[in-house]
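Let me begin by presenting the structure, written as structure tokens, before commenting on it.
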Amino acid sequence: MTATATGPAGRSRAVEDRPWPGLDVSGLRILVTGFGVSGYAVADQTMQRGARVLVVDGSETPAIRERAQILEVLGVEVRLGREHTLALPRDREIDVVVTSPGWRPDQPLLTEAAEAGIPVWSEVELARRMQAPDGPAWLGVTGTNGKTTTVTMLESILQHAGLRAVACGNVGLPVIEAALDLEGFDVLAIELSSFQLHWTEHLDCEAAAVLNVSADHLDWHGGAQEYARAKGRIYEGVRTACIYTVADETTLRLVEDADVVEGARAVGLTLGSPGLSELGVVDGVLVDRAFLAERRSAAAEIGTLADLEHLGPHGAGPHVVLDALAAAALARAYGVPAPAVRDGLRAYRMGGHRAEQIATVDGITFVDDTKATNPAAAAASLRGAERIVWIAGGDTKGADLSELVASARDRLTGVVLLGRDEAPFTAALQRHAPDVPVRRIDPGDTDDAAGRTRLMEDAVQAARSLATAGDVVLLAPAAASIDQFRDYAERGDLFAAAVSRLPGASA
């Protein structure tokens, strides 16, 4: 096969010769692998600027075919089917591959591209290179849990400061659409997954935060160290502040290992009284001892726990408070005044499926936290109430559930298990919470919507039978949804629908 000529260090000369930021993609031969939201955005934005774009995807769903037809009319070539994802195209040269975050690093096409000296970028990397030098500032957030809450809190704070800001990346708009927006944003609040960061070399955020690092996606990354290293890439090139969580030593190590702009500082987050260059909590007040000149002897009030009370059935849990501190730190690093932080937090409302209170039935509160798709997220969710009937289960991706169950056992009044393989949950419950009643829901046939609806109806009914007034029925599965549902959102939607049909349900 004839590949594009490459320059030093195996880089495509066609890419090397083009300066960035403000990369001119006209005439560039781009292969987009994966035709999801980010893949479509890459093809659309680069095609508009004169790139020659080929998209490949192994799926041929009606939604994908519809997107393909739209872009094909505009001159983008789309090839659907698994055969197009196994190797680089033989009928054309490629200057750069822009890959979906869902594609594993060992995927044969990506491996072949790397061996041929063709750069493989994320949509985020391409966006950073294409954005003009005077484009919006980037404030980045990653972590195993809490990313979406933090980014959307940050968006609220920035907007209350009078800035044109948007949450984007792994939530909301693709980064490339936000970065190249014709009206121009002042600042982007960017949620980044470890998948996106793996394929990203240059972020150069004004400030960035790693909220936490716990076991997740280890099969994709190849191990815990590789997963943490991918998270840490968000700190590369930071200009003002690298924000970490004091209680999570891994986040501090990632800061210490980062290559940042001279003068960038490490800023810690704690639920206790903050030390120098930290944000924390004192007597119910959120305080900043990092972003004020007199920080050695004083602190700035940026909000209160009362400002967050509306974010949980029993007030904001510790994980939500840490998310709020992270959002505040990122905003303060960008120069947002303290009153705007407070106003943004007061106005913020959780998005769907994130500790969302659905209804109250006979004194029992039903809460949807279907986004708690791993043990760490579920543990944070379970700390939010004193008496819980826990709806759990799904694809655990090999995660160990022992610590989760042991930490939650004194709060559990019952457990309802979903999922095709309940063994990991059953083993942990038998060992650490043998006296807690457990109801196993027959998986049945969940290939169609009717089967999935029936499954969740049965789960909600079982949970209702285990709960008494004052309890919280909590959907926090600690597992992915792919074994029985289309995605976590469908799982949450079906939960809410089943709760709404209970006699006496009231929002």
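Order determines the names: the first chain of the structure tokens is A, the second B, and so forth; residues in each chain are numbered 1 upward, and ligands are numbered 1 upward as they are shown.
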
Handout entry: strand (DSSP E or B) positions in stretch 372-446 of chain A, given as a list in words
Key =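 Everything in stretch 372-446 of chain A that counts as strand (DSSP E or B) is Ile388, Val389, Trp390, Ile391, Ala392, Asp395, Leu412, Thr413, Gly414, Val415, Val416, Leu417, Val438, Arg439 and Arg440 of chain A.
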
Kindly provide the residues of stretch 222-311 of chain A that approach stretch 192-215 of chain A to within 10 Å, each paired with its closest atom pair and their distance in Å to one decimal, based on only C-alpha atoms, listed by chain and increasing number, as JSON lines.
```
{"residue": "A:Gly223", "atom": "CA", "partner": "A:Ala215", "partner_atom": "CA", "distance": 8.9}
{"residue": "A:Ala224", "atom": "CA", "partner": "A:Ala215", "partner_atom": "CA", "distance": 6.6}
{"residue": "A:Gln225", "atom": "CA", "partner": "A:Ala215", "partner_atom": "CA", "distance": 9.9}
{"residue": "A:Glu226", "atom": "CA", "partner": "A:His198", "partner_atom": "CA", "distance": 9.2}
{"residue": "A:Tyr227", "atom": "CA", "partner": "A:Ser194", "partner_atom": "CA", "distance": 6.9}
{"residue": "A:Ala228", "atom": "CA", "partner": "A:Val213", "partner_atom": "CA", "distance": 6.6}
{"residue": "A:Arg229", "atom": "CA", "partner": "A:His198", "partner_atom": "CA", "distance": 8.6}
{"residue": "A:Ala230", "atom": "CA", "partner": "A:His198", "partner_atom": "CA", "distance": 5.2}
{"residue": "A:Lys231", "atom": "CA", "partner": "A:Ser194", "partner_atom": "CA", "distance": 5.4}
{"residue": "A:Gly232", "atom": "CA", "partner": "A:Val210", "partner_atom": "CA", "distance": 7.3}
{"residue": "A:Arg233", "atom": "CA", "partner": "A:Leu197", "partner_atom": "CA", "distance": 6.3}
{"residue": "A:Ile234", "atom": "CA", "partner": "A:Ala208", "partner_atom": "CA", "distance": 6.4}
{"residue": "A:Tyr235", "atom": "CA", "partner": "A:Ala208", "partner_atom": "CA", "distance": 6.0}
{"residue": "A:Glu236", "atom": "CA", "partner": "A:Asp204", "partner_atom": "CA", "distance": 6.4}
{"residue": "A:Gly237", "atom": "CA", "partner": "A:Asp204", "partner_atom": "CA", "distance": 4.2}
{"residue": "A:Val238", "atom": "CA", "partner": "A:Cys205", "partner_atom": "CA", "distance": 4.9}
{"residue": "A:Arg239", "atom": "CA", "partner": "A:Glu206", "partner_atom": "CA", "distance": 4.9}
{"residue": "A:Thr240", "atom": "CA", "partner": "A:Ala207", "partner_atom": "CA", "distance": 5.6}
{"residue": "A:Ala241", "atom": "CA", "partner": "A:Ala207", "partner_atom": "CA", "distance": 4.8}
{"residue": "A:Cys242", "atom": "CA", "partner": "A:Ala208", "partner_atom": "CA", "distance": 5.3}
{"residue": "A:Ile243", "atom": "CA", "partner": "A:Ala209", "partner_atom": "CA", "distance": 4.4}
{"residue": "A:Tyr244", "atom": "CA", "partner": "A:Val210", "partner_atom": "CA", "distance": 5.6}
{"residue": "A:Thr245", "atom": "CA", "partner": "A:Leu211", "partner_atom": "CA", "distance": 6.0}
{"residue": "A:Val246", "atom": "CA", "partner": "A:Asn212", "partner_atom": "CA", "distance": 9.7}
{"residue": "A:Ala247", "atom": "CA", "partner": "A:Asn212", "partner_atom": "CA", "distance": 8.9}
{"residue": "A:Asp248", "atom": "CA", "partner": "A:Asn212", "partner_atom": "CA", "distance": 6.2}
{"residue": "A:Glu249", "atom": "CA", "partner": "A:Asn212", "partner_atom": "CA", "distance": 8.9}
{"residue": "A:Thr250", "atom": "CA", "partner": "A:Val213", "partner_atom": "CA", "distance": 6.7}
{"residue": "A:Thr251", "atom": "CA", "partner": "A:Val210", "partner_atom": "CA", "distance": 6.1}
{"residue": "A:Leu252", "atom": "CA", "partner": "A:Val210", "partner_atom": "CA", "distance": 9.0}
{"residue": "A:Leu254", "atom": "CA", "partner": "A:Val210", "partner_atom": "CA", "distance": 8.5}
{"residue": "A:Val255", "atom": "CA", "partner": "A:Val210", "partner_atom": "CA", "distance": 8.8}
{"residue": "A:Val260", "atom": "CA", "partner": "A:Asp204", "partner_atom": "CA", "distance": 8.4}
{"residue": "A:Val261", "atom": "CA", "partner": "A:Asp204", "partner_atom": "CA", "distance": 8.7}
{"residue": "A:Ala264", "atom": "CA", "partner": "A:Ala207", "partner_atom": "CA", "distance": 8.6}
{"residue": "A:Arg265", "atom": "CA", "partner": "A:Ala207", "partner_atom": "CA", "distance": 9.5}
{"residue": "A:Ala266", "atom": "CA", "partner": "A:Ala209", "partner_atom": "CA", "distance": 9.9}
{"residue": "A:Val267", "atom": "CA", "partner": "A:Ala209", "partner_atom": "CA", "distance": 9.2}
{"residue": "A:Gly268", "atom": "CA", "partner": "A:Ala209", "partner_atom": "CA", "distance": 9.7}
{"residue": "A:Leu269", "atom": "CA", "partner": "A:Leu211", "partner_atom": "CA", "distance": 9.0}
```

Put those residues in a file: N, CA, C and O atoms, as a compact mmCIF listing (two decimals), in the first residue's frame.
```txt
# COMPACT_ATOMS: atom_id res chain seq x y z
N GLY A 223 -5.25 -1.39 31.43
CA GLY A 223 -4.81 -1.43 32.81
C GLY A 223 -5.04 -0.12 33.52
O GLY A 223 -5.32 0.91 32.91
N ALA A 224 -4.89 -0.15 34.85
CA ALA A 224 -5.17 1.01 35.68
C ALA A 224 -4.18 2.15 35.42
O ALA A 224 -4.57 3.33 35.42
N GLN A 225 -2.90 1.83 35.23
CA GLN A 225 -1.92 2.88 35.01
C GLN A 225 -2.18 3.62 33.70
O GLN A 225 -2.08 4.85 33.63
N GLU A 226 -2.52 2.86 32.66
CA GLU A 226 -2.80 3.48 31.37
C GLU A 226 -4.05 4.34 31.45
O GLU A 226 -4.12 5.42 30.85
N TYR A 227 -5.05 3.87 32.18
CA TYR A 227 -6.28 4.65 32.36
C TYR A 227 -5.99 5.96 33.07
O TYR A 227 -6.41 7.05 32.63
N ALA A 228 -5.22 5.90 34.17
CA ALA A 228 -4.88 7.12 34.90
C ALA A 228 -4.04 8.05 34.03
O ALA A 228 -4.23 9.27 34.05
N ARG A 229 -3.12 7.48 33.28
CA ARG A 229 -2.26 8.31 32.43
C ARG A 229 -3.09 9.07 31.39
O ARG A 229 -2.82 10.24 31.09
N ALA A 230 -4.10 8.39 30.84
CA ALA A 230 -4.98 9.06 29.88
C ALA A 230 -5.70 10.23 30.54
O ALA A 230 -5.80 11.32 29.96
N LYS A 231 -6.19 10.04 31.75
CA LYS A 231 -6.85 11.13 32.47
C LYS A 231 -5.90 12.31 32.65
O LYS A 231 -6.28 13.47 32.50
N GLY A 232 -4.65 11.99 33.00
CA GLY A 232 -3.68 13.04 33.29
C GLY A 232 -3.31 13.90 32.10
O GLY A 232 -2.78 15.01 32.28
N ARG A 233 -3.61 13.45 30.90
CA ARG A 233 -3.26 14.24 29.71
C ARG A 233 -4.01 15.57 29.69
O ARG A 233 -3.60 16.51 28.99
N ILE A 234 -5.07 15.68 30.45
CA ILE A 234 -5.84 16.93 30.46
C ILE A 234 -5.02 18.08 31.04
O ILE A 234 -5.27 19.25 30.74
N TYR A 235 -4.00 17.76 31.84
CA TYR A 235 -3.18 18.80 32.45
C TYR A 235 -2.08 19.33 31.52
O TYR A 235 -1.47 20.36 31.82
N GLU A 236 -1.79 18.64 30.42
CA GLU A 236 -0.69 19.04 29.57
C GLU A 236 -0.94 20.43 28.97
O GLU A 236 -1.99 20.68 28.36
N GLY A 237 0.01 21.33 29.18
CA GLY A 237 -0.09 22.67 28.61
C GLY A 237 -0.98 23.62 29.37
O GLY A 237 -1.27 24.73 28.87
N VAL A 238 -1.46 23.24 30.57
CA VAL A 238 -2.32 24.13 31.35
C VAL A 238 -1.59 25.43 31.65
O VAL A 238 -0.41 25.44 31.98
N ARG A 239 -2.34 26.54 31.55
CA ARG A 239 -1.73 27.86 31.69
C ARG A 239 -1.85 28.44 33.11
O ARG A 239 -0.96 29.15 33.57
N THR A 240 -2.97 28.18 33.78
CA THR A 240 -3.23 28.87 35.06
C THR A 240 -3.30 27.92 36.24
O THR A 240 -2.61 28.14 37.24
N ALA A 241 -4.14 26.88 36.17
CA ALA A 241 -4.35 26.04 37.35
C ALA A 241 -4.66 24.60 36.98
O ALA A 241 -5.52 24.35 36.13
N CYS A 242 -3.97 23.67 37.64
CA CYS A 242 -4.29 22.24 37.60
C CYS A 242 -5.03 21.90 38.88
O CYS A 242 -4.46 22.00 39.98
N ILE A 243 -6.27 21.52 38.77
CA ILE A 243 -7.14 21.33 39.93
C ILE A 243 -7.26 19.84 40.22
O ILE A 243 -7.52 19.03 39.33
N TYR A 244 -7.04 19.47 41.48
CA TYR A 244 -7.05 18.06 41.88
C TYR A 244 -7.82 17.92 43.18
O TYR A 244 -8.14 18.90 43.86
N THR A 245 -8.14 16.68 43.54
CA THR A 245 -8.88 16.40 44.77
C THR A 245 -7.91 15.90 45.82
O THR A 245 -7.22 14.89 45.62
N VAL A 246 -7.84 16.59 46.95
CA VAL A 246 -6.86 16.29 47.98
C VAL A 246 -6.98 14.85 48.46
O VAL A 246 -5.96 14.18 48.69
N ALA A 247 -8.19 14.34 48.58
CA ALA A 247 -8.39 12.98 49.10
C ALA A 247 -8.05 11.90 48.09
O ALA A 247 -7.99 10.72 48.46
N ASP A 248 -7.85 12.26 46.83
CA ASP A 248 -7.53 11.28 45.79
C ASP A 248 -6.07 11.50 45.37
O ASP A 248 -5.75 12.37 44.56
N GLU A 249 -5.17 10.72 45.94
CA GLU A 249 -3.74 10.94 45.74
C GLU A 249 -3.33 10.79 44.27
O GLU A 249 -2.38 11.42 43.83
N THR A 250 -4.08 9.98 43.54
CA THR A 250 -3.74 9.79 42.13
C THR A 250 -3.84 11.10 41.37
O THR A 250 -3.00 11.40 40.50
N THR A 251 -4.82 11.92 41.70
CA THR A 251 -4.98 13.18 40.96
C THR A 251 -3.80 14.11 41.23
O THR A 251 -3.35 14.82 40.33
N LEU A 252 -3.27 14.10 42.45
CA LEU A 252 -2.11 14.93 42.74
C LEU A 252 -0.89 14.43 41.97
O LEU A 252 -0.11 15.23 41.43
N LEU A 254 -0.84 12.99 39.15
CA LEU A 254 -1.00 13.38 37.75
C LEU A 254 -0.61 14.84 37.54
O LEU A 254 -0.01 15.20 36.53
N VAL A 255 -0.96 15.68 38.51
CA VAL A 255 -0.55 17.08 38.43
C VAL A 255 0.97 17.18 38.48
O VAL A 255 1.60 17.91 37.70
N VAL A 260 3.32 21.67 32.23
CA VAL A 260 2.42 22.82 32.18
C VAL A 260 3.21 24.08 31.83
O VAL A 260 4.44 24.10 31.84
N VAL A 261 2.49 25.13 31.53
CA VAL A 261 3.10 26.43 31.28
C VAL A 261 3.68 26.96 32.59
O VAL A 261 3.07 26.83 33.67
N ALA A 264 1.82 28.03 36.12
CA ALA A 264 0.58 27.32 36.44
C ALA A 264 0.70 26.70 37.83
O ALA A 264 1.75 26.18 38.21
N ARG A 265 -0.39 26.76 38.59
CA ARG A 265 -0.36 26.29 39.98
C ARG A 265 -1.21 25.05 40.17
O ARG A 265 -2.17 24.81 39.42
N ALA A 266 -0.88 24.26 41.19
CA ALA A 266 -1.73 23.16 41.63
C ALA A 266 -2.71 23.70 42.66
O ALA A 266 -2.33 24.38 43.61
N VAL A 267 -4.00 23.41 42.46
CA VAL A 267 -5.05 23.91 43.35
C VAL A 267 -5.87 22.71 43.83
O VAL A 267 -6.44 21.97 43.03
N GLY A 268 -5.92 22.51 45.15
CA GLY A 268 -6.60 21.36 45.72
C GLY A 268 -8.05 21.63 46.11
O GLY A 268 -8.44 22.76 46.37
N LEU A 269 -8.82 20.55 46.17
CA LEU A 269 -10.21 20.60 46.61
C LEU A 269 -10.37 19.69 47.82
O LEU A 269 -9.88 18.56 47.82
```

Exercise for the section: Determine, counting only C-alpha atoms, which protein, DNA and RNA residues have an atom within 7 Å of an atom of A:Arg164; residues of the same chain fewer than 4 positions away are not included. Present the result as an MDAnalysis selection string. Expected result: chainID A and resid 159 185:187

Practice task
Could you check how far atom CA of A:Leu382 sits from atom CA of A:Leu345, in Å to one decimal?
Solution key: 22.7 Å

Problem - For stretch 367-372 of chain A: contacts at 9 Å, only C-alpha atoms, fewer than 6 positions along chain excluded, given as a PyMOL selection string - result: chain A and resi 145+313+352-359+378-381+472-481+488-489+491-493+495-496

Practice task
Please run DSSP on the backbone and report, as JSON, numbers by chain, all residues within stretch 10-243 of chain A that come out as alpha helix (DSSP H).
Solution key: {"A": [13, 14, 15, 16, 37, 38, 39, 40, 41, 42, 43, 44, 45, 46, 47, 48, 62, 63, 64, 65, 66, 67, 68, 69, 70, 71, 72, 73, 108, 109, 110, 111, 112, 113, 114, 115, 123, 124, 125, 126, 127, 128, 129, 130, 147, 148, 149, 150, 151, 152, 153, 154, 155, 156, 157, 158, 159, 160, 175, 176, 177, 178, 179, 194, 195, 196, 197, 198, 218, 219, 220, 221, 224, 225, 226, 227, 228, 229, 230, 231, 232]}

Using only C-alpha atoms, which protein or nucleic acid residues come within 9 Å of stretch 452-458 of chain A? Drop anything in the same chain fewer than 2 positions from it, and give the result as a PDB file with N, CA, C and O atoms, in the first residue's frame.
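Saved to part_35.pdb:
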```
ATOM      1  N   LEU A 418     -31.139  -6.226  38.745  1.00  0.00           N
ATOM      2  CA  LEU A 418     -31.342  -6.377  37.312  1.00  0.00           C
ATOM      3  C   LEU A 418     -30.117  -7.088  36.734  1.00  0.00           C
ATOM      4  O   LEU A 418     -29.225  -7.514  37.469  1.00  0.00           O
ATOM      5  N   ILE A 441     -34.790  -9.945  39.591  1.00  0.00           N
ATOM      6  CA  ILE A 441     -35.787  -9.789  38.544  1.00  0.00           C
ATOM      7  C   ILE A 441     -35.416 -10.689  37.367  1.00  0.00           C
ATOM      8  O   ILE A 441     -34.299 -10.623  36.838  1.00  0.00           O
ATOM      9  N   ASP A 442     -36.347 -11.545  36.980  1.00  0.00           N
ATOM     10  CA  ASP A 442     -36.128 -12.454  35.856  1.00  0.00           C
ATOM     11  C   ASP A 442     -35.792 -11.647  34.604  1.00  0.00           C
ATOM     12  O   ASP A 442     -36.569 -10.787  34.185  1.00  0.00           O
ATOM     13  N   PRO A 443     -34.618 -11.880  33.986  1.00  0.00           N
ATOM     14  CA  PRO A 443     -34.247 -11.080  32.809  1.00  0.00           C
ATOM     15  C   PRO A 443     -35.233 -11.189  31.669  1.00  0.00           C
ATOM     16  O   PRO A 443     -35.548 -10.207  31.001  1.00  0.00           O
ATOM     17  N   GLY A 444     -35.757 -12.385  31.436  1.00  0.00           N
ATOM     18  CA  GLY A 444     -36.702 -12.549  30.337  1.00  0.00           C
ATOM     19  C   GLY A 444     -36.111 -12.118  29.008  1.00  0.00           C
ATOM     20  O   GLY A 444     -34.896 -12.136  28.798  1.00  0.00           O
ATOM     21  N   ASP A 445     -36.964 -11.708  28.102  1.00  0.00           N
ATOM     22  CA  ASP A 445     -36.560 -11.270  26.768  1.00  0.00           C
ATOM     23  C   ASP A 445     -36.586  -9.743  26.727  1.00  0.00           C
ATOM     24  O   ASP A 445     -37.648  -9.135  26.829  1.00  0.00           O
ATOM     25  N   THR A 446     -35.430  -9.128  26.589  1.00  0.00           N
ATOM     26  CA  THR A 446     -35.369  -7.668  26.553  1.00  0.00           C
ATOM     27  C   THR A 446     -34.888  -7.157  25.197  1.00  0.00           C
ATOM     28  O   THR A 446     -34.353  -6.054  25.090  1.00  0.00           O
ATOM     29  N   ASP A 447     -35.099  -7.949  24.164  1.00  0.00           N
ATOM     30  CA  ASP A 447     -34.674  -7.531  22.826  1.00  0.00           C
ATOM     31  C   ASP A 447     -35.556  -6.433  22.251  1.00  0.00           C
ATOM     32  O   ASP A 447     -35.148  -5.715  21.341  1.00  0.00           O
ATOM     33  N   ASP A 448     -36.784  -6.321  22.771  1.00  0.00           N
ATOM     34  CA  ASP A 448     -37.670  -5.268  22.268  1.00  0.00           C
ATOM     35  C   ASP A 448     -38.105  -4.360  23.406  1.00  0.00           C
ATOM     36  O   ASP A 448     -37.861  -4.632  24.581  1.00  0.00           O
ATOM     37  N   ALA A 449     -38.746  -3.249  23.039  1.00  0.00           N
ATOM     38  CA  ALA A 449     -39.127  -2.242  24.032  1.00  0.00           C
ATOM     39  C   ALA A 449     -40.103  -2.793  25.054  1.00  0.00           C
ATOM     40  O   ALA A 449     -40.042  -2.440  26.245  1.00  0.00           O
ATOM     41  N   ALA A 450     -41.004  -3.659  24.620  1.00  0.00           N
ATOM     42  CA  ALA A 450     -41.986  -4.225  25.544  1.00  0.00           C
ATOM     43  C   ALA A 450     -41.308  -5.046  26.634  1.00  0.00           C
ATOM     44  O   ALA A 450     -41.676  -4.967  27.813  1.00  0.00           O
ATOM     45  N   VAL A 460     -39.419  -1.948  39.717  1.00  0.00           N
ATOM     46  CA  VAL A 460     -40.012  -0.884  40.524  1.00  0.00           C
ATOM     47  C   VAL A 460     -41.046  -1.455  41.492  1.00  0.00           C
ATOM     48  O   VAL A 460     -41.114  -1.054  42.668  1.00  0.00           O
ATOM     49  N   GLN A 461     -41.854  -2.400  41.027  1.00  0.00           N
ATOM     50  CA  GLN A 461     -42.834  -3.033  41.915  1.00  0.00           C
ATOM     51  C   GLN A 461     -42.143  -3.762  43.066  1.00  0.00           C
ATOM     52  O   GLN A 461     -42.589  -3.695  44.219  1.00  0.00           O
ATOM     53  N   ALA A 462     -41.061  -4.457  42.760  1.00  0.00           N
ATOM     54  CA  ALA A 462     -40.328  -5.174  43.807  1.00  0.00           C
ATOM     55  C   ALA A 462     -39.728  -4.202  44.813  1.00  0.00           C
ATOM     56  O   ALA A 462     -39.768  -4.435  46.028  1.00  0.00           O
ATOM     57  N   ALA A 463     -39.166  -3.094  44.316  1.00  0.00           N
ATOM     58  CA  ALA A 463     -38.584  -2.093  45.205  1.00  0.00           C
ATOM     59  C   ALA A 463     -39.654  -1.480  46.103  1.00  0.00           C
ATOM     60  O   ALA A 463     -39.434  -1.262  47.306  1.00  0.00           O
ATOM     61  N   GLN A 484     -29.037  -5.208  28.837  1.00  0.00           N
ATOM     62  CA  GLN A 484     -30.500  -5.301  28.796  1.00  0.00           C
ATOM     63  C   GLN A 484     -31.198  -4.071  28.225  1.00  0.00           C
ATOM     64  O   GLN A 484     -32.369  -4.157  27.863  1.00  0.00           O
ATOM     65  N   PHE A 485     -30.513  -2.935  28.140  1.00  0.00           N
ATOM     66  CA  PHE A 485     -31.149  -1.708  27.674  1.00  0.00           C
ATOM     67  C   PHE A 485     -30.340  -1.106  26.532  1.00  0.00           C
ATOM     68  O   PHE A 485     -29.174  -1.437  26.339  1.00  0.00           O
ATOM     69  N   ARG A 491     -32.690   3.198  30.341  1.00  0.00           N
ATOM     70  CA  ARG A 491     -32.889   2.567  31.654  1.00  0.00           C
ATOM     71  C   ARG A 491     -33.536   3.557  32.619  1.00  0.00           C
ATOM     72  O   ARG A 491     -34.489   3.222  33.330  1.00  0.00           O
ATOM     73  N   LEU A 494     -37.245   4.434  31.527  1.00  0.00           N
ATOM     74  CA  LEU A 494     -38.195   3.366  31.848  1.00  0.00           C
ATOM     75  C   LEU A 494     -38.449   3.311  33.354  1.00  0.00           C
ATOM     76  O   LEU A 494     -39.576   3.019  33.792  1.00  0.00           O
ATOM     77  N   PHE A 495     -37.446   3.607  34.147  1.00  0.00           N
ATOM     78  CA  PHE A 495     -37.633   3.681  35.599  1.00  0.00           C
ATOM     79  C   PHE A 495     -38.623   4.781  35.944  1.00  0.00           C
ATOM     80  O   PHE A 495     -39.576   4.564  36.712  1.00  0.00           O
ATOM     81  N   ALA A 497     -40.883   6.146  34.064  1.00  0.00           N
ATOM     82  CA  ALA A 497     -42.222   5.805  33.567  1.00  0.00           C
ATOM     83  C   ALA A 497     -42.900   4.796  34.488  1.00  0.00           C
ATOM     84  O   ALA A 497     -44.104   4.914  34.782  1.00  0.00           O
ATOM     85  N   ALA A 498     -42.143   3.804  34.958  1.00  0.00           N
ATOM     86  CA  ALA A 498     -42.731   2.797  35.843  1.00  0.00           C
ATOM     87  C   ALA A 498     -43.131   3.412  37.177  1.00  0.00           C
ATOM     88  O   ALA A 498     -44.194   3.081  37.729  1.00  0.00           O
ATOM     89  N   VAL A 499     -42.319   4.315  37.699  1.00  0.00           N
ATOM     90  CA  VAL A 499     -42.648   4.993  38.957  1.00  0.00           C
ATOM     91  C   VAL A 499     -43.920   5.830  38.790  1.00  0.00           C
ATOM     92  O   VAL A 499     -44.786   5.860  39.672  1.00  0.00           O
TER      93      VAL A 499
END
```

Problem - atom CA of A:Trp121 to atom CA of A:Gly81, distance in Å rounded to a single decimal - result: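 We find that atom CA of A:Trp121 and atom CA of A:Gly81 lie 22.0 Å from each other.
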
Practice task
Fewer than 6 positions away in the same chain doesn't count, so skip those; otherwise give me all residues within 9 Å of A:Val175, counting only C-alpha atoms, as a list of chain:residue names.
Solution key: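 The neighbour list is A:Ser38, A:Ala41, A:Glu123, A:Val124, A:Ala127, A:Arg128, A:Cys168, A:Gly169, A:Leu188, A:Ile190.
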
Handout entry: Pick from A:Gly102, A:Gly140, A:Pro434, A:Pro133, whichever lies nearest to A:Gly414 using only C-alpha atoms
Key =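 Of A:Gly102, A:Gly140, A:Pro434, A:Pro133, the one nearest A:Gly414, counting only C-alpha atoms, is A:Pro434.
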